[in-house]
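Taking it in order: structure first as structure tokens, then the write-up.
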Amino acid sequence: MSRFAPVALTVTSALLVLTACSSGVQGTPGGSGVRDPYFPKSGNGGYDVTHYALDLAYDPDDGHLTGTAEITARATQDLSAFDLDLRGMDVERVGVEGKRARWSRNGQELVVRPHDELDKGETFRLTVRYSGSPETVTDPDGSEEGWLPTADGALALGEPTGSMAWFPGNHHPSDKATYDIDVTVPEGLEAVSNGELVNRATSGGRTTFRWHTSEPMASYVATLAIGDYKISRSTTDGDLPVYVAVDPEQADDSREVLAEIPEIMDWAEENFGPYPFSSTGAIVADADAADYALETQNRPVFPGAPDTELLVHELAHQWFGNSVTPKSWRDMWLNESFATYAEWLWEEDDDGDSAQETFDALYDHGEDEHEGLWDFPPAKPTSAAHISDAPVYERGAMVLHKIRQTVGDDTFYDIVQDWAAEHRHGNADTDDFTAYVEKKAPDEDFTPIWEDWLYGDGKPDQP
């Protein structure tokens with residue numbers, strides 16, 4: 001929906017320009033994307049979000065969501081207008097710093113023209129009221145994300161672009177923020193999100209859940225699970241809170257593997273360094289809710305009961321992907337290689353195959369189980385449809401193993417832990433990582449690894 005017809009929009013824009021010129025305003029519109037190599041329209045230029053406060057209400061019977069998003073941001077340039085990413089939904093009102101703002105729609109872009117120009121460095125508050133039936137988004141690889149209706153509620157998953165289906169924002173991994181998410185649902189249902197549950201109140205047949213995420217979070221790992229979930233709370237040996245929500249039909253199949261969370265977390269801290277968040281856990285949804293698991297922050301989502309290896313993978317992402325987040329979707333391998341290699345390390349430490357044996361089997365016969373393993377290098381997926389393909393996961397893990405072979409275990413684990421610590425709650429790209437490895441082991445020559453395994457085409461030759 002657009003608030004203005006094309007002709008009216010042109011006239012309005014012209015008037016705004018004339019007004020700006022006559023009053024000496026120097027602001028310019030922020031960019032409508034951050035030129036991500038695979039999703040160029042995702043994210044927006046001209047500002048940086050620091051906090052989202054979402055007040056949502058959902059009725060599963062009619063699939064209707066109403067929301068108010070209060071976004072706190074800092075202008076990174078003098079702004080006359082700026083964009084938000086919002087797919088679908090009906091926008092009812094937009095305000096900036098307490099004053100009504102003009103707005104229009106252009107595809108996934110919600111273009112906002114504040115009443116007063118925003119100065120570079122200024123912190124401002126934006127409010128968007130919206131409602132409608134959120135969309136289920138089909139990714140370039142054919143998988144579904146965004147808002148996924150379930151038999152008794154909904155599941156929101158956002159990688160890579162689906163979060164814009166249920167709240168407006170700067171939806172690119174390079175812009176992380178803290179969150180408060182209030183969700184009101186019919187009494188009897190649970191509403192599970194990221195961070196900590198700080199309040200739960202029921203009145204008039206409706207229950208409101210308030211979730212707070214104090215650590216920076218990329219929007220693609222924000223989640224919301226609404227439905228009939230069984231909730232359990234516990235702690236690890238290190239007193240880290242564990243919050244688990246399980247679809248009742250998955251409870252029996254999930255019980256044994258979810259009981260391993262404290263052990264896995266202790267093992268991961270020993271290998272990857274201190275856990276970067278204030279709680280952990282899992283959401284086990286109905287098996288038909290999605291066809292993939294996702295490393296949503298604090299508590300990853302699984303469609304049906306996971307096995308131990310998948311649980312290890314998604315919990316490892318809390319360090320690699322959620323805390324150390326890629327600067328662009330080209331750097332996806334930095335997420336998936338570490339999480340995949342974590343599976344290899346877990347098996348090695350659990351008296352299974354060593355990481356070397358896993359590497360050798362993958363090198364010799366990997367194409368049999370992982371289609372397209374050698375189709376492209378981990379750091380250069382061929383398109384948006386392939387950022388989750390085997391080269392990003394398995395071949396990416398092989399890059400890490402080659403580094404380990406080169407530097408030895410002591411230096412390798414120093415690299416892994418220090419990388420996670422130095423970039424904690426930040427963003428990094430492939431160049432950052434290769435430079436960091438070279439800095440930590442300055443006497444080693446990593447050129448063959450970078451040229452043959454990370455960026456090279458085809459199956460590398462083994463020395």
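All residue names refer to the structure tokens as shown: chains lettered A, B, ... in order, residues numbered from 1 in each chain, ligands numbered from 1 in order.
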
Checklist entry - Excluding same-chain residues fewer than 6 positions from Tyr363 of chain A, what lies within 12 Å of it counting only C-alpha atoms, as a PyMOL selection string? => result chain A and resi 356-357+369-370+373-374+391+394-395+397-399+401+453+458-462

Next on the checklist: Among segment 221-392 of chain A, which residues does DSSP mark as strand (DSSP E or B) when it is run on the backbone? Keep the chain and numbering as in the structure and answer as a ChimeraX atom specification.
Outcome noted: /A:224-227,230-235,241-246,280-285,294,301-303,320,324-326

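Minimum distance to Thr447 of chain A across A:Lys402, A:His313, A:Lys380, A:His115 (counting only C-alpha atoms) occurs at A:Lys402.
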
Checklist entry - For His386 of chain A, which of A:Tyr341, A:Arg102, A:Tyr38, A:Met265 is the closest residue, counting only C-alpha atoms? => result A:Tyr38

Checklist entry - Skipping near chain neighbours, those fewer than 6 positions away, what residues fall within 7 Å of Arg74 of chain A using only C-alpha atoms, listed as an MDAnalysis selection string? => result chainID A and resid 47:49 121:124

File of the preceding selection, all heavy atoms, as a PDB file, in the first residue's frame:
```pdb
ATOM      1  N   TYR A  47      21.609   5.934   8.906  1.00  0.00           N
ATOM      2  CA  TYR A  47      21.348   5.847  10.346  1.00  0.00           C
ATOM      3  C   TYR A  47      21.774   4.475  10.856  1.00  0.00           C
ATOM      4  O   TYR A  47      21.963   3.529  10.096  1.00  0.00           O
ATOM      5  CB  TYR A  47      19.876   6.083  10.673  1.00  0.00           C
ATOM      6  CG  TYR A  47      18.933   5.033  10.111  1.00  0.00           C
ATOM      7  CD1 TYR A  47      18.529   3.942  10.881  1.00  0.00           C
ATOM      8  CD2 TYR A  47      18.445   5.125   8.812  1.00  0.00           C
ATOM      9  CE1 TYR A  47      17.675   2.985  10.379  1.00  0.00           C
ATOM     10  CE2 TYR A  47      17.580   4.160   8.298  1.00  0.00           C
ATOM     11  CZ  TYR A  47      17.203   3.096   9.087  1.00  0.00           C
ATOM     12  OH  TYR A  47      16.356   2.135   8.568  1.00  0.00           O
ATOM     13  N   ASP A  48      21.886   4.401  12.168  1.00  0.00           N
ATOM     14  CA  ASP A  48      22.240   3.150  12.835  1.00  0.00           C
ATOM     15  C   ASP A  48      21.251   2.924  13.962  1.00  0.00           C
ATOM     16  O   ASP A  48      21.083   3.784  14.836  1.00  0.00           O
ATOM     17  CB  ASP A  48      23.670   3.233  13.384  1.00  0.00           C
ATOM     18  CG  ASP A  48      24.039   2.023  14.217  1.00  0.00           C
ATOM     19  OD1 ASP A  48      24.172   0.932  13.643  1.00  0.00           O
ATOM     20  OD2 ASP A  48      24.178   2.168  15.447  1.00  0.00           O
ATOM     21  N   VAL A  49      20.568   1.792  13.962  1.00  0.00           N
ATOM     22  CA  VAL A  49      19.592   1.488  15.014  1.00  0.00           C
ATOM     23  C   VAL A  49      20.318   1.018  16.270  1.00  0.00           C
ATOM     24  O   VAL A  49      21.240   0.198  16.202  1.00  0.00           O
ATOM     25  CB  VAL A  49      18.587   0.413  14.557  1.00  0.00           C
ATOM     26  CG1 VAL A  49      17.636   0.047  15.692  1.00  0.00           C
ATOM     27  CG2 VAL A  49      17.788   0.900  13.357  1.00  0.00           C
ATOM     28  N   GLY A 121      24.783  12.567  13.742  1.00  0.00           N
ATOM     29  CA  GLY A 121      25.116  12.335  15.137  1.00  0.00           C
ATOM     30  C   GLY A 121      23.937  12.416  16.079  1.00  0.00           C
ATOM     31  O   GLY A 121      24.052  12.040  17.250  1.00  0.00           O
ATOM     32  N   GLU A 122      22.784  12.885  15.583  1.00  0.00           N
ATOM     33  CA  GLU A 122      21.606  13.041  16.431  1.00  0.00           C
ATOM     34  C   GLU A 122      20.953  11.687  16.697  1.00  0.00           C
ATOM     35  O   GLU A 122      20.767  10.872  15.793  1.00  0.00           O
ATOM     36  CB  GLU A 122      20.597  13.974  15.760  1.00  0.00           C
ATOM     37  CG  GLU A 122      19.310  14.172  16.535  1.00  0.00           C
ATOM     38  CD  GLU A 122      18.336  15.082  15.806  1.00  0.00           C
ATOM     39  OE1 GLU A 122      18.711  15.650  14.758  1.00  0.00           O
ATOM     40  OE2 GLU A 122      17.189  15.220  16.285  1.00  0.00           O
ATOM     41  N   THR A 123      20.602  11.447  17.953  1.00  0.00           N
ATOM     42  CA  THR A 123      19.812  10.270  18.304  1.00  0.00           C
ATOM     43  C   THR A 123      18.345  10.635  18.210  1.00  0.00           C
ATOM     44  O   THR A 123      17.920  11.667  18.747  1.00  0.00           O
ATOM     45  CB  THR A 123      20.152   9.777  19.717  1.00  0.00           C
ATOM     46  OG1 THR A 123      21.523   9.364  19.760  1.00  0.00           O
ATOM     47  CG2 THR A 123      19.273   8.603  20.122  1.00  0.00           C
ATOM     48  N   PHE A 124      17.578   9.810  17.512  1.00  0.00           N
ATOM     49  CA  PHE A 124      16.161  10.128  17.331  1.00  0.00           C
ATOM     50  C   PHE A 124      15.312   8.899  17.574  1.00  0.00           C
ATOM     51  O   PHE A 124      15.796   7.760  17.553  1.00  0.00           O
ATOM     52  CB  PHE A 124      15.908  10.680  15.916  1.00  0.00           C
ATOM     53  CG  PHE A 124      16.203   9.719  14.795  1.00  0.00           C
ATOM     54  CD1 PHE A 124      15.203   8.933  14.230  1.00  0.00           C
ATOM     55  CD2 PHE A 124      17.493   9.609  14.280  1.00  0.00           C
ATOM     56  CE1 PHE A 124      15.484   8.059  13.196  1.00  0.00           C
ATOM     57  CE2 PHE A 124      17.776   8.734  13.234  1.00  0.00           C
ATOM     58  CZ  PHE A 124      16.767   7.957  12.693  1.00  0.00           C
TER      59      PHE A 124
END
```

Can you list every residue of segment 332-443 of chain A that has an atom at most 9 Å from segment 158-179 of chain A, with its nearest atom pair and the distance in Å to one decimal, using only C-alpha atoms, ordered by chain then number, as a tab-separated table?
```
residue	atom	partner	partner_atom	distance
A:His425	CA	A:Lys176	CA	8.4
A:Gly426	CA	A:Lys176	CA	8.1
A:Asn427	CA	A:Ser174	CA	6.4
A:Ala428	CA	A:Ser174	CA	8.8
```

Take the residues that were just selected and, keeping C-alpha atoms, output them as a PDB file, in the first residue's frame.
```
ATOM      1  CA  HIS A 425      28.877  -8.473  19.756  1.00  0.00           C
ATOM      2  CA  GLY A 426      30.399  -6.973  16.612  1.00  0.00           C
ATOM      3  CA  ASN A 427      30.660  -7.590  12.881  1.00  0.00           C
ATOM      4  CA  ALA A 428      33.483  -9.017  10.811  1.00  0.00           C
TER       5      ALA A 428
END
```

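With only C-alpha atoms as the atoms that count, the minimum distance from Tyr243 of chain A to the choices A:Ile226, A:Ala218, A:Ile283, A:Ile387 is reached by A:Ile283.
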
Next on the checklist: Need to verify the contact set: segment 196-200 of chain A, 10 Å, only C-alpha atoms, exclusion of same-chain residues closer than 5 positions in sequence. Can you return it as JSON, numbers by chain?
Outcome noted: {"A": [180, 181, 182, 183, 184, 190, 191, 207, 208, 209, 210, 211, 212, 213, 214, 241, 243, 278, 279, 280, 298]}

Selection to disk with N, CA, C and O atoms, as a tab-separated table (two decimals), in the first residue's frame:
```
chain	number	residue	atom	x	y	z
A	180	ASP	N	13.38	-4.89	23.03
A	180	ASP	CA	12.29	-5.21	23.95
A	180	ASP	C	11.12	-5.63	23.08
A	180	ASP	O	10.69	-4.88	22.19
A	181	ILE	N	10.59	-6.84	23.33
A	181	ILE	CA	9.49	-7.35	22.52
A	181	ILE	C	8.35	-7.74	23.44
A	181	ILE	O	8.47	-8.68	24.24
A	182	ASP	N	7.25	-6.99	23.36
A	182	ASP	CA	6.02	-7.31	24.08
A	182	ASP	C	5.07	-8.00	23.10
A	182	ASP	O	4.83	-7.49	22.00
A	183	VAL	N	4.52	-9.13	23.52
A	183	VAL	CA	3.65	-9.90	22.65
A	183	VAL	C	2.39	-10.29	23.43
A	183	VAL	O	2.48	-10.90	24.49
A	184	THR	N	1.24	-9.93	22.89
A	184	THR	CA	-0.05	-10.27	23.51
A	184	THR	C	-0.74	-11.32	22.67
A	184	THR	O	-0.93	-11.14	21.46
A	190	GLU	N	1.59	-19.67	24.68
A	190	GLU	CA	2.88	-19.10	25.04
A	190	GLU	C	3.39	-18.24	23.90
A	190	GLU	O	3.05	-18.45	22.73
A	191	ALA	N	4.19	-17.25	24.24
A	191	ALA	CA	4.88	-16.42	23.25
A	191	ALA	C	6.34	-16.34	23.67
A	191	ALA	O	6.66	-15.74	24.70
A	207	THR	N	-2.88	-12.74	27.31
A	207	THR	CA	-1.64	-12.75	28.08
A	207	THR	C	-0.57	-11.98	27.32
A	207	THR	O	-0.39	-12.19	26.11
A	208	THR	N	0.11	-11.11	28.04
A	208	THR	CA	1.20	-10.32	27.45
A	208	THR	C	2.53	-10.80	28.02
A	208	THR	O	2.70	-10.88	29.24
A	209	PHE	N	3.45	-11.12	27.13
A	209	PHE	CA	4.80	-11.54	27.49
A	209	PHE	C	5.75	-10.41	27.12
A	209	PHE	O	5.67	-9.85	26.03
A	210	ARG	N	6.65	-10.09	28.02
A	210	ARG	CA	7.65	-9.05	27.75
A	210	ARG	C	9.03	-9.68	27.76
A	210	ARG	O	9.48	-10.22	28.78
A	211	TRP	N	9.72	-9.60	26.60
A	211	TRP	CA	11.06	-10.17	26.45
A	211	TRP	C	12.07	-9.03	26.26
A	211	TRP	O	11.82	-8.09	25.53
A	212	HIS	N	13.22	-9.17	26.91
A	212	HIS	CA	14.27	-8.15	26.83
A	212	HIS	C	15.58	-8.78	26.39
A	212	HIS	O	16.04	-9.77	26.99
A	213	THR	N	16.19	-8.23	25.35
A	213	THR	CA	17.49	-8.67	24.88
A	213	THR	C	18.47	-7.51	25.07
A	213	THR	O	18.39	-6.50	24.38
A	214	SER	N	19.39	-7.69	25.99
A	214	SER	CA	20.29	-6.58	26.35
A	214	SER	C	21.56	-6.58	25.51
A	214	SER	O	22.26	-5.57	25.45
A	241	PRO	N	21.20	-19.40	32.93
A	241	PRO	CA	19.80	-19.82	32.78
A	241	PRO	C	19.56	-20.53	31.44
A	241	PRO	O	20.08	-20.12	30.40
A	243	TYR	N	16.36	-21.77	29.12
A	243	TYR	CA	14.91	-21.65	28.92
A	243	TYR	C	14.56	-22.43	27.66
A	243	TYR	O	15.06	-22.14	26.57
A	278	SER	N	23.24	-13.84	27.98
A	278	SER	CA	22.81	-13.96	29.37
A	278	SER	C	21.95	-15.19	29.64
A	278	SER	O	21.61	-15.46	30.79
A	279	SER	N	21.57	-15.93	28.62
A	279	SER	CA	20.82	-17.17	28.81
A	279	SER	C	20.96	-18.01	27.55
A	279	SER	O	21.41	-17.53	26.51
A	280	THR	N	20.56	-19.25	27.66
A	280	THR	CA	20.57	-20.15	26.51
A	280	THR	C	19.29	-20.98	26.53
A	280	THR	O	18.40	-20.75	27.34
A	298	ASN	N	20.09	-16.66	21.68
A	298	ASN	CA	19.78	-17.22	23.00
A	298	ASN	C	19.19	-18.62	22.92
A	298	ASN	O	19.59	-19.50	23.67
```

Next on the checklist: Taking the DSSP secondary structure from the backbone, can you list the residues of segment 32-261 of chain A that are alpha helix (DSSP H), as a list in words?
Outcome noted: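 Answer for segment 32-261 of chain A restricted to alpha helix (DSSP H) is Ala251, Asp252, Asp253, Ser254, Arg255, Glu256, Val257, Leu258 and Ile261 of chain A.
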
Per-residue nearest contacts of segment 45-108 of chain A to segment 134-142 of chain A (10 Å; only C-alpha atoms) as a Markdown table:
```
| residue | atom | partner | partner_atom | distance |
| --- | --- | --- | --- | --- |
| A:Gly63 | CA | A:Pro134 | CA | 8.0 |
| A:His64 | CA | A:Pro134 | CA | 7.6 |
| A:Leu65 | CA | A:Pro134 | CA | 7.0 |
| A:Thr66 | CA | A:Pro134 | CA | 9.7 |
| A:Arg87 | CA | A:Glu135 | CA | 7.5 |
| A:Gly88 | CA | A:Glu135 | CA | 6.6 |
| A:Met89 | CA | A:Pro134 | CA | 6.2 |
| A:Asp90 | CA | A:Pro134 | CA | 9.7 |
```

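Distance check against Arg100 of chain A using only C-alpha atoms: of A:Val112, A:Ile264, A:Ile231, A:Leu224, the minimum falls on A:Val112.
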
Checklist entry - With distances taken over only C-alpha atoms, which of A:Glu249, A:Glu444, A:Glu269, A:Asp55 is nearest to Val416 of chain A? => result A:Glu269

Item to check | Which residue of A:Asp85, A:Asp331, A:Glu371, A:Asp286 approaches Ala390 of chain A most closely, using only C-alpha atoms | outcome: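 Looking at the shortest contact to Ala390 of chain A, the residue is A:Glu371.
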
Item to check | Shell around Val407 of chain A at 12 Å using only C-alpha atoms, local window under 3 positions removed, as a ChimeraX atom specification | outcome: /A:400-404,410-416,437-438,440-446

Item to check | d(atom CA of Thr127 of chain A, atom CA of Trp103 of chain A) in Å | outcome: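 Going from atom CA of Thr127 of chain A over to atom CA of Trp103 of chain A covers 11.9 Å.
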
Next on the checklist: Between atom CA of Leu311 of chain A and atom CA of Asn271 of chain A, what distance in Å does the model show, to one decimal?
Outcome noted: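 We find that atom CA of Leu311 of chain A and atom CA of Asn271 of chain A lie 15.9 Å from each other.
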